Amino acid sequence: HVVDVVLTESAAKLVSATALAAVARRPVRTSMWEGVGDGRMDHIDLAADADAFVIAPATADLLARAATGRAADLLSACLLVTRAPILLAPAMNSRMWEHPFTRRNVEILSSLPNVHWVGPERGELACGWEGPGRMADPDKIVATPARLGRRDLEGRSFVVTAGPTREPLDPVRYLGNRSSGRMGQAVAEAAARRGAKVTLVRGPVDLPPPTAGVALVEVTTAAEMRREVLARWRRVDAVVMAAAVADWRARKVAPEKLKRTAATTTLELEANPDILAEMGRRRGKALRPVLIGFCVETTDLAAAARAKLAAKRCDLLVANLAQEAMGLPTARVEIHRPRGKPLGPFEGPKAEVAESILDAIGVELAIREKR
Ligand code: C5P
């Protein structure tokens with residue numbers, strides 16, 4: 001690769017521009033204003049020429065600048081100009097990473113179709129603290145840009161479910177859960193970016209519509225989700241069941257608002273049909289579609305994942321701990337298979353974890369192609 005190095009003012013306090021110029025064998029850019037007299041406009045030229053931007057480390061301040069569209073320094077200005085993939089490798093103190101402002105910036109940046117993440121990882125930080133915030137391994141960062149523009153799922157079709165389902169109790173109340181829908185939506189968006197034809201069947205969530213290329217079907221109850229999934233599942237290559245489908249629904253939905261007449265009350269619930277298990281049963285030994293389940297547990301993750309993989313007869317089971325994923329913009333998952341050791345753990349923003357899940361699905365699809 002030809003590498004142009006852009007050094008921010010803070011970065012120049014830690015590393016020397018001369019050292020970077022020597023290894024890149026190119027001049028290092030530090031300011032928007034140098035070269036202007038020679039007719040250069042670096043923030044436009046660099047951005048227009050680059051096939052990819054890699055920002056390592058991406059500090060909390062850089063994320064804030066990028067998320068708000070600031071453009072007073074060369075790097076931030078380039079990020080506004082480019083439409084090439086931008087790979088962010090965050091590195092910061094874990095409190096900074098977990099701060100609501102940083103969370104919001106990560107979310108805003110993740111909504112851009114050309115933004116990708118690698119890390120941060122957990123471990124000992126430069127400041128001496130332990131936690132999330134370590135920059136991803138440089139080898140991993142270098143390996144990532146090559147896969148960003150890839151269209152390895154071209155010609156494949158997916159149904160992806162996301163979010164909770166809501167089961168009405170009466171005209172004003174429902175049973176629900178804390179699923180945000182982010183993981184499923186991230187999988188749907190990444191699959192579309194990688195070339196697949198994607199339908200996202202989404203429960204009630206507080207998310208923007210998915211990025212271009214994803215067909216959205218909105219549902220409320222498990223029964224509606226089942227109907228929309230079963231109407232499509234036979235025609236696709238993979239069904240990714242990331243939704244947190246409610247296990248129970250009211251046996252009778254009250255036609256009028258229930259009154260609080262006693263200190264305690266009992267709701268009679270009946271089990272919802274298990275959509276994934278039904279597809280697993282009906283598909284049997286057929287090769288298609290590949291079925292991917294998710295599980296969220298609070299303890300004994302591996303044991304639950306193995307049990308669900310068998311009970312639902314799916315091909316991959318993505319397991320996460322509720323406290324590490326539910327309602328958060330980041331996740332840490334292991335991917336269990338009927339045979340062999342689980343893949344992972346994969347950890348980071350959900351958009352990045354989604355890429356790893358799709359890598360695993362891509363392998364399953366390729367295996368079936370050979371048989
Ligand atoms: O059994 P549990 O709810 O933990 O299983 C989770 C997996 O099964 C998820 O992939 C979820 O989408 C799917 N599921 C389903 N229908 C249900 C309950 C869960 O398809 N009624």
# chains A, B, ... in the order shown; residues from 1 in each chain; ligands from 1
$ residues_near_ligand --ligand "ligand 1" --cutoff "9 Å" --atoms "only C-alpha atoms and all ligand atoms" --output "VMD selection string"
chain A and resid 161 to 162 222 to 223 225 to 226 240 to 248 271 to 279 292 to 297 304 to 305 308 311 to 312 317 to 318
$ residues_around --residues "A:Leu343" --least-positions-apart "2" --cutoff "10 Å" --atoms "only C-alpha atoms" --output "number ranges by chain"
A: 316, 318, 333-337, 340-341, 345-346, 356-357, 360
$ write_last_selection --atoms "C-alpha atoms" --output "mmCIF file, in the first residue's frame"
data_model
loop_
_atom_site.group_PDB
_atom_site.id
_atom_site.type_symbol
_atom_site.label_atom_id
_atom_site.label_comp_id
_atom_site.auth_asym_id
_atom_site.auth_seq_id
_atom_site.Cartn_x
_atom_site.Cartn_y
_atom_site.Cartn_z
ATOM 1 C CA LEU A 316 -24.487 -21.706 14.525
ATOM 2 C CA VAL A 318 -24.185 -16.855 18.871
ATOM 3 C CA VAL A 333 -19.892 -13.182 21.766
ATOM 4 C CA GLU A 334 -18.815 -16.765 21.214
ATOM 5 C CA ILE A 335 -20.116 -18.666 18.208
ATOM 6 C CA HIS A 336 -20.954 -22.288 18.945
ATOM 7 C CA ARG A 337 -21.173 -25.006 16.304
ATOM 8 C CA GLY A 340 -15.628 -28.361 17.219
ATOM 9 C CA LYS A 341 -14.667 -25.629 19.604
ATOM 10 C CA PRO A 345 -14.689 -14.558 21.612
ATOM 11 C CA PHE A 346 -15.384 -11.590 19.362
ATOM 12 C CA SER A 356 -17.280 -11.806 12.541
ATOM 13 C CA ILE A 357 -20.712 -13.466 12.693
ATOM 14 C CA ALA A 360 -18.742 -17.639 10.245
#
$ residues_around --residues "A:Asn105" --least-positions-apart "2" --cutoff "6 Å" --atoms "only C-alpha atoms" --output "list in words"
Ala64, Ala67, Thr102, Arg103, Glu107 and Ile108 of chain A
$ select_by_dssp --residues "stretch 125-179 of chain A" --states "strand (DSSP E)" --output "MDAnalysis selection string"
chainID A and resid 130:134 157:162 167:168 174:175
$ write_last_selection --atoms "C-alpha atoms" --output "PDB file, in the first residue's frame"
ATOM      1  CA  GLU A 130      -7.748  -2.430  33.526  1.00  0.00           C
ATOM      2  CA  GLY A 131     -10.757  -2.583  31.221  1.00  0.00           C
ATOM      3  CA  PRO A 132     -11.980  -1.977  27.708  1.00  0.00           C
ATOM      4  CA  GLY A 133      -9.967   0.649  25.862  1.00  0.00           C
ATOM      5  CA  ARG A 134      -6.823  -1.064  24.592  1.00  0.00           C
ATOM      6  CA  SER A 157     -29.990 -13.907   0.397  1.00  0.00           C
ATOM      7  CA  PHE A 158     -30.699 -13.430   4.100  1.00  0.00           C
ATOM      8  CA  VAL A 159     -33.618 -13.037   6.459  1.00  0.00           C
ATOM      9  CA  VAL A 160     -32.480 -11.377   9.686  1.00  0.00           C
ATOM     10  CA  THR A 161     -34.670 -10.742  12.744  1.00  0.00           C
ATOM     11  CA  ALA A 162     -33.950  -8.045  15.323  1.00  0.00           C
ATOM     12  CA  GLU A 167     -47.075  -9.225  23.634  1.00  0.00           C
ATOM     13  CA  PRO A 168     -50.178  -7.214  24.536  1.00  0.00           C
ATOM     14  CA  TYR A 174     -47.566  -5.323  27.058  1.00  0.00           C
ATOM     15  CA  LEU A 175     -44.878  -7.854  27.969  1.00  0.00           C
TER      16      LEU A 175
END
$ residues_around --residues "A:Asp42" --least-positions-apart "4" --cutoff "9 Å" --atoms "only C-alpha atoms" --output "number ranges by chain"
A: 29, 31-36, 46-47, 74, 78
$ write_last_selection --atoms "N, CA, C and O atoms" --output "mmCIF file, in the first residue's frame"
data_model
loop_
_atom_site.group_PDB
_atom_site.id
_atom_site.type_symbol
_atom_site.label_atom_id
_atom_site.label_comp_id
_atom_site.auth_asym_id
_atom_site.auth_seq_id
_atom_site.Cartn_x
_atom_site.Cartn_y
_atom_site.Cartn_z
ATOM 1 N N ARG A 29 1.660 14.590 6.889
ATOM 2 C CA ARG A 29 0.826 15.805 6.891
ATOM 3 C C ARG A 29 0.390 16.110 8.321
ATOM 4 O O ARG A 29 -0.051 15.196 9.033
ATOM 5 N N SER A 31 -0.997 19.599 9.009
ATOM 6 C CA SER A 31 -1.851 20.785 9.082
ATOM 7 C C SER A 31 -2.598 20.992 7.778
ATOM 8 O O SER A 31 -2.142 20.585 6.710
ATOM 9 N N MET A 32 -3.740 21.649 7.862
ATOM 10 C CA MET A 32 -4.525 21.961 6.673
ATOM 11 C C MET A 32 -3.884 23.059 5.852
ATOM 12 O O MET A 32 -4.255 23.266 4.707
ATOM 13 N N TRP A 33 -2.965 23.778 6.502
ATOM 14 C CA TRP A 33 -2.534 25.034 5.871
ATOM 15 C C TRP A 33 -1.200 24.911 5.157
ATOM 16 O O TRP A 33 -0.871 25.756 4.328
ATOM 17 N N GLU A 34 -0.428 23.842 5.432
ATOM 18 C CA GLU A 34 0.849 23.732 4.719
ATOM 19 C C GLU A 34 0.563 23.345 3.263
ATOM 20 O O GLU A 34 -0.408 22.645 2.970
ATOM 21 N N GLY A 35 1.339 23.853 2.357
ATOM 22 C CA GLY A 35 1.167 23.479 0.950
ATOM 23 C C GLY A 35 0.103 24.280 0.236
ATOM 24 O O GLY A 35 -0.032 24.169 -0.990
ATOM 25 N N VAL A 36 -0.668 25.075 0.986
ATOM 26 C CA VAL A 36 -1.743 25.831 0.331
ATOM 27 C C VAL A 36 -1.158 26.798 -0.699
ATOM 28 O O VAL A 36 -1.680 26.930 -1.814
ATOM 29 N N LEU A 46 -6.069 14.339 -0.178
ATOM 30 C CA LEU A 46 -5.829 13.080 0.542
ATOM 31 C C LEU A 46 -7.116 12.261 0.595
ATOM 32 O O LEU A 46 -7.121 11.058 0.356
ATOM 33 N N ALA A 47 -8.213 12.955 0.893
ATOM 34 C CA ALA A 47 -9.487 12.241 1.044
ATOM 35 C C ALA A 47 -9.951 11.681 -0.287
ATOM 36 O O ALA A 47 -10.522 10.587 -0.345
ATOM 37 N N LEU A 74 -6.768 18.831 10.071
ATOM 38 C CA LEU A 74 -6.670 18.117 8.787
ATOM 39 C C LEU A 74 -7.373 16.767 8.814
ATOM 40 O O LEU A 74 -8.138 16.423 7.899
ATOM 41 N N CYS A 78 -10.616 15.665 6.552
ATOM 42 C CA CYS A 78 -10.535 14.542 5.596
ATOM 43 C C CYS A 78 -11.723 13.593 5.782
ATOM 44 O O CYS A 78 -12.292 13.078 4.818
#
$ atom_distance --atom1 "atom CA of A:Thr221" --atom2 "atom CA of A:Leu169"
11.5 Å
$ residues_around --residues "stretch 200-212 of chain A" --least-positions-apart "3" --cutoff "9 Å" --atoms "only C-alpha atoms" --output "PyMOL selection string"
chain A and resi 111-113+158-166+179-182+184-186+188-189+192-193+215-222+225+228-229+243-245
$ closest_residue --among "A:Ala56, A:Ile141, A:Ala48, A:Ala238" --to "A:Val363" --atoms "only C-alpha atoms"
A:Ala238
$ residues_around --residues "A:Gly119" --least-positions-apart "2" --cutoff "12 Å" --atoms "only C-alpha atoms" --output "ChimeraX atom specification"
/A:55-58,87-92,97,116-117,121-123,132-138,140-141,144,330-332,346-353
$ write_last_selection --atoms "N, CA, C and O atoms" --output "tab-separated table (two decimals), in the first residue's frame"
chain	number	residue	atom	x	y	z
A	55	ILE	N	-7.66	4.90	11.35
A	55	ILE	CA	-7.35	5.84	12.42
A	55	ILE	C	-6.97	5.05	13.66
A	55	ILE	O	-7.81	4.43	14.31
A	56	ALA	N	-5.67	5.03	13.92
A	56	ALA	CA	-5.14	4.22	15.01
A	56	ALA	C	-4.03	4.99	15.70
A	56	ALA	O	-3.02	5.25	15.08
A	57	PRO	N	-4.21	5.36	16.94
A	57	PRO	CA	-5.41	5.15	17.74
A	57	PRO	C	-6.47	6.21	17.46
A	57	PRO	O	-6.13	7.33	17.11
A	58	ALA	N	-7.75	5.83	17.61
A	58	ALA	CA	-8.84	6.80	17.57
A	58	ALA	C	-9.16	7.18	19.00
A	58	ALA	O	-9.63	6.36	19.78
A	87	LEU	N	-11.74	3.06	9.00
A	87	LEU	CA	-11.58	2.06	10.06
A	87	LEU	C	-11.10	2.76	11.32
A	87	LEU	O	-10.03	3.39	11.31
A	88	LEU	N	-11.87	2.65	12.37
A	88	LEU	CA	-11.52	3.31	13.63
A	88	LEU	C	-11.03	2.26	14.63
A	88	LEU	O	-11.71	1.25	14.86
A	89	ALA	N	-9.85	2.50	15.20
A	89	ALA	CA	-9.30	1.60	16.22
A	89	ALA	C	-9.22	2.39	17.53
A	89	ALA	O	-8.17	2.97	17.85
A	90	PRO	N	-10.33	2.43	18.29
A	90	PRO	CA	-10.34	3.28	19.48
A	90	PRO	C	-9.30	2.84	20.51
A	90	PRO	O	-9.01	1.65	20.66
A	91	ALA	N	-8.78	3.82	21.22
A	91	ALA	CA	-7.87	3.57	22.34
A	91	ALA	C	-8.06	4.71	23.33
A	91	ALA	O	-7.93	5.88	22.96
A	92	MET	N	-8.43	4.36	24.54
A	92	MET	CA	-8.64	5.39	25.57
A	92	MET	C	-8.84	4.72	26.92
A	92	MET	O	-8.98	3.49	26.98
A	97	TRP	N	-14.20	5.46	27.42
A	97	TRP	CA	-14.89	4.60	26.44
A	97	TRP	C	-16.34	4.35	26.86
A	97	TRP	O	-17.25	4.29	26.06
A	116	HIS	N	-16.22	1.69	10.09
A	116	HIS	CA	-15.98	0.33	10.60
A	116	HIS	C	-15.12	0.43	11.85
A	116	HIS	O	-14.39	1.39	12.02
A	117	TRP	N	-15.19	-0.62	12.66
A	117	TRP	CA	-14.48	-0.60	13.95
A	117	TRP	C	-13.58	-1.81	14.07
A	117	TRP	O	-13.92	-2.89	13.61
A	121	GLU	N	-9.96	-3.47	22.73
A	121	GLU	CA	-9.94	-4.71	23.49
A	121	GLU	C	-9.83	-4.39	24.97
A	121	GLU	O	-9.56	-3.27	25.35
A	122	ARG	N	-10.04	-5.43	25.75
A	122	ARG	CA	-9.96	-5.32	27.20
A	122	ARG	C	-8.54	-5.63	27.63
A	122	ARG	O	-7.89	-6.46	27.01
A	123	GLY	N	-8.09	-5.03	28.69
A	123	GLY	CA	-6.77	-5.39	29.20
A	123	GLY	C	-6.19	-4.26	29.98
A	123	GLY	O	-6.89	-3.33	30.39
A	132	PRO	N	-11.93	-2.16	29.15
A	132	PRO	CA	-11.98	-1.98	27.71
A	132	PRO	C	-11.32	-0.64	27.35
A	132	PRO	O	-11.47	0.32	28.09
A	133	GLY	N	-10.60	-0.61	26.25
A	133	GLY	CA	-9.97	0.65	25.86
A	133	GLY	C	-8.61	0.46	25.22
A	133	GLY	O	-8.02	1.41	24.71
A	134	ARG	N	-8.11	-0.79	25.25
A	134	ARG	CA	-6.82	-1.06	24.59
A	134	ARG	C	-7.00	-1.07	23.09
A	134	ARG	O	-7.93	-1.69	22.57
A	135	MET	N	-6.09	-0.41	22.40
A	135	MET	CA	-6.16	-0.44	20.94
A	135	MET	C	-5.99	-1.89	20.47
A	135	MET	O	-5.22	-2.66	21.04
A	136	ALA	N	-6.74	-2.26	19.43
A	136	ALA	CA	-6.62	-3.60	18.87
A	136	ALA	C	-5.17	-3.85	18.44
A	136	ALA	O	-4.43	-2.90	18.16
A	137	ASP	N	-4.82	-5.11	18.40
A	137	ASP	CA	-3.50	-5.51	17.98
A	137	ASP	C	-3.19	-4.95	16.58
A	137	ASP	O	-4.01	-5.06	15.68
A	138	PRO	N	-2.01	-4.31	16.38
A	138	PRO	CA	-1.70	-3.73	15.07
A	138	PRO	C	-1.87	-4.71	13.90
A	138	PRO	O	-2.35	-4.31	12.83
A	140	LYS	N	-4.01	-7.01	13.60
A	140	LYS	CA	-5.45	-7.11	13.34
A	140	LYS	C	-5.94	-5.86	12.61
A	140	LYS	O	-6.76	-5.94	11.69
A	141	ILE	N	-5.43	-4.72	13.00
A	141	ILE	CA	-5.84	-3.46	12.36
A	141	ILE	C	-5.42	-3.50	10.88
A	141	ILE	O	-6.20	-3.18	9.99
A	144	THR	N	-7.59	-5.65	8.59
A	144	THR	CA	-9.01	-5.32	8.42
A	144	THR	C	-9.37	-4.57	7.14
A	144	THR	O	-10.35	-4.93	6.49
A	330	THR	N	-22.05	-2.26	22.30
A	330	THR	CA	-20.96	-3.22	22.10
A	330	THR	C	-21.42	-4.61	22.53
A	330	THR	O	-22.42	-4.74	23.23
A	331	ALA	N	-20.67	-5.63	22.11
A	331	ALA	CA	-21.00	-6.99	22.53
A	331	ALA	C	-19.73	-7.82	22.62
A	331	ALA	O	-18.68	-7.43	22.10
A	332	ARG	N	-19.86	-8.94	23.31
A	332	ARG	CA	-18.78	-9.94	23.37
A	332	ARG	C	-19.47	-11.27	23.16
A	332	ARG	O	-20.33	-11.66	23.96
A	346	PHE	N	-15.46	-12.79	20.17
A	346	PHE	CA	-15.38	-11.59	19.36
A	346	PHE	C	-15.97	-10.46	20.19
A	346	PHE	O	-17.06	-10.60	20.74
A	347	GLU	N	-15.23	-9.37	20.26
A	347	GLU	CA	-15.63	-8.30	21.16
A	347	GLU	C	-15.45	-6.96	20.49
A	347	GLU	O	-14.48	-6.76	19.76
A	348	GLY	N	-16.39	-6.05	20.70
A	348	GLY	CA	-16.25	-4.69	20.16
A	348	GLY	C	-17.61	-4.12	19.84
A	348	GLY	O	-18.63	-4.66	20.25
A	349	PRO	N	-17.63	-3.00	19.11
A	349	PRO	CA	-18.91	-2.44	18.69
A	349	PRO	C	-19.70	-3.49	17.91
A	349	PRO	O	-19.11	-4.33	17.22
A	350	LYS	N	-21.04	-3.45	18.00
A	350	LYS	CA	-21.85	-4.50	17.37
A	350	LYS	C	-21.61	-4.60	15.87
A	350	LYS	O	-21.67	-5.69	15.30
A	351	ALA	N	-21.29	-3.46	15.23
A	351	ALA	CA	-21.04	-3.51	13.79
A	351	ALA	C	-19.82	-4.38	13.48
A	351	ALA	O	-19.79	-5.09	12.47
A	352	GLU	N	-18.85	-4.35	14.38
A	352	GLU	CA	-17.65	-5.16	14.15
A	352	GLU	C	-17.92	-6.63	14.47
A	352	GLU	O	-17.52	-7.53	13.72
A	353	VAL	N	-18.64	-6.88	15.55
A	353	VAL	CA	-19.00	-8.25	15.92
A	353	VAL	C	-19.86	-8.87	14.80
A	353	VAL	O	-19.71	-10.05	14.46
$ select_by_dssp --residues "stretch 120-352 of chain A" --states "helix (DSSP H, G or I)" --output "count of residues only"
62
$ atom_distance --atom1 "atom CA of A:Leu230" --atom2 "atom CA of A:Leu267"
29.0 Å
$ residues_around --residues "A:Ala254" --least-positions-apart "2" --cutoff "7 Å" --atoms "only C-alpha atoms" --output "count of residues only"
6
$ closest_residue --among "A:Leu80, A:Leu365, A:Val5, A:Ile86" --to "A:Ala146" --atoms "only C-alpha atoms"
A:Ile86
$ decode --residues "stretch 288-300 of chain A" --atoms "N, CA and C atoms" --output "short mmCIF file (atom, residue, chain, number, x, y, z; two decimals), in the first residue's frame"
data_model
loop_
_atom_site.label_atom_id
_atom_site.label_comp_id
_atom_site.auth_asym_id
_atom_site.auth_seq_id
_atom_site.Cartn_x
_atom_site.Cartn_y
_atom_site.Cartn_z
N ARG A 288 -30.12 -26.21 3.16
CA ARG A 288 -30.48 -24.80 3.16
C ARG A 288 -31.84 -24.59 3.81
N PRO A 289 -32.10 -23.46 4.41
CA PRO A 289 -31.15 -22.39 4.67
C PRO A 289 -30.27 -22.69 5.89
N VAL A 290 -29.13 -22.00 5.96
CA VAL A 290 -28.31 -22.06 7.17
C VAL A 290 -29.10 -21.33 8.27
N LEU A 291 -29.19 -21.96 9.44
CA LEU A 291 -29.98 -21.36 10.54
C LEU A 291 -29.04 -20.90 11.66
N ILE A 292 -29.19 -19.64 12.02
CA ILE A 292 -28.32 -19.07 13.05
C ILE A 292 -29.18 -18.58 14.21
N GLY A 293 -28.93 -19.14 15.39
CA GLY A 293 -29.66 -18.72 16.58
C GLY A 293 -28.78 -17.85 17.46
N PHE A 294 -29.41 -17.15 18.38
CA PHE A 294 -28.70 -16.33 19.35
C PHE A 294 -29.16 -16.77 20.73
N CYS A 295 -28.30 -16.65 21.73
CA CYS A 295 -28.83 -16.78 23.08
C CYS A 295 -28.19 -15.77 24.00
N VAL A 296 -29.01 -15.27 24.87
CA VAL A 296 -28.55 -14.32 25.89
C VAL A 296 -28.82 -14.99 27.22
N GLU A 297 -27.79 -15.11 28.03
CA GLU A 297 -27.96 -15.74 29.34
C GLU A 297 -27.30 -14.84 30.37
N THR A 298 -27.62 -15.09 31.63
CA THR A 298 -26.93 -14.32 32.66
C THR A 298 -25.83 -15.17 33.32
N THR A 299 -25.90 -16.52 33.21
CA THR A 299 -24.82 -17.40 33.70
C THR A 299 -24.73 -18.64 32.81
N ASP A 300 -23.70 -19.45 33.02
CA ASP A 300 -23.54 -20.75 32.34
C ASP A 300 -23.77 -20.67 30.84
#
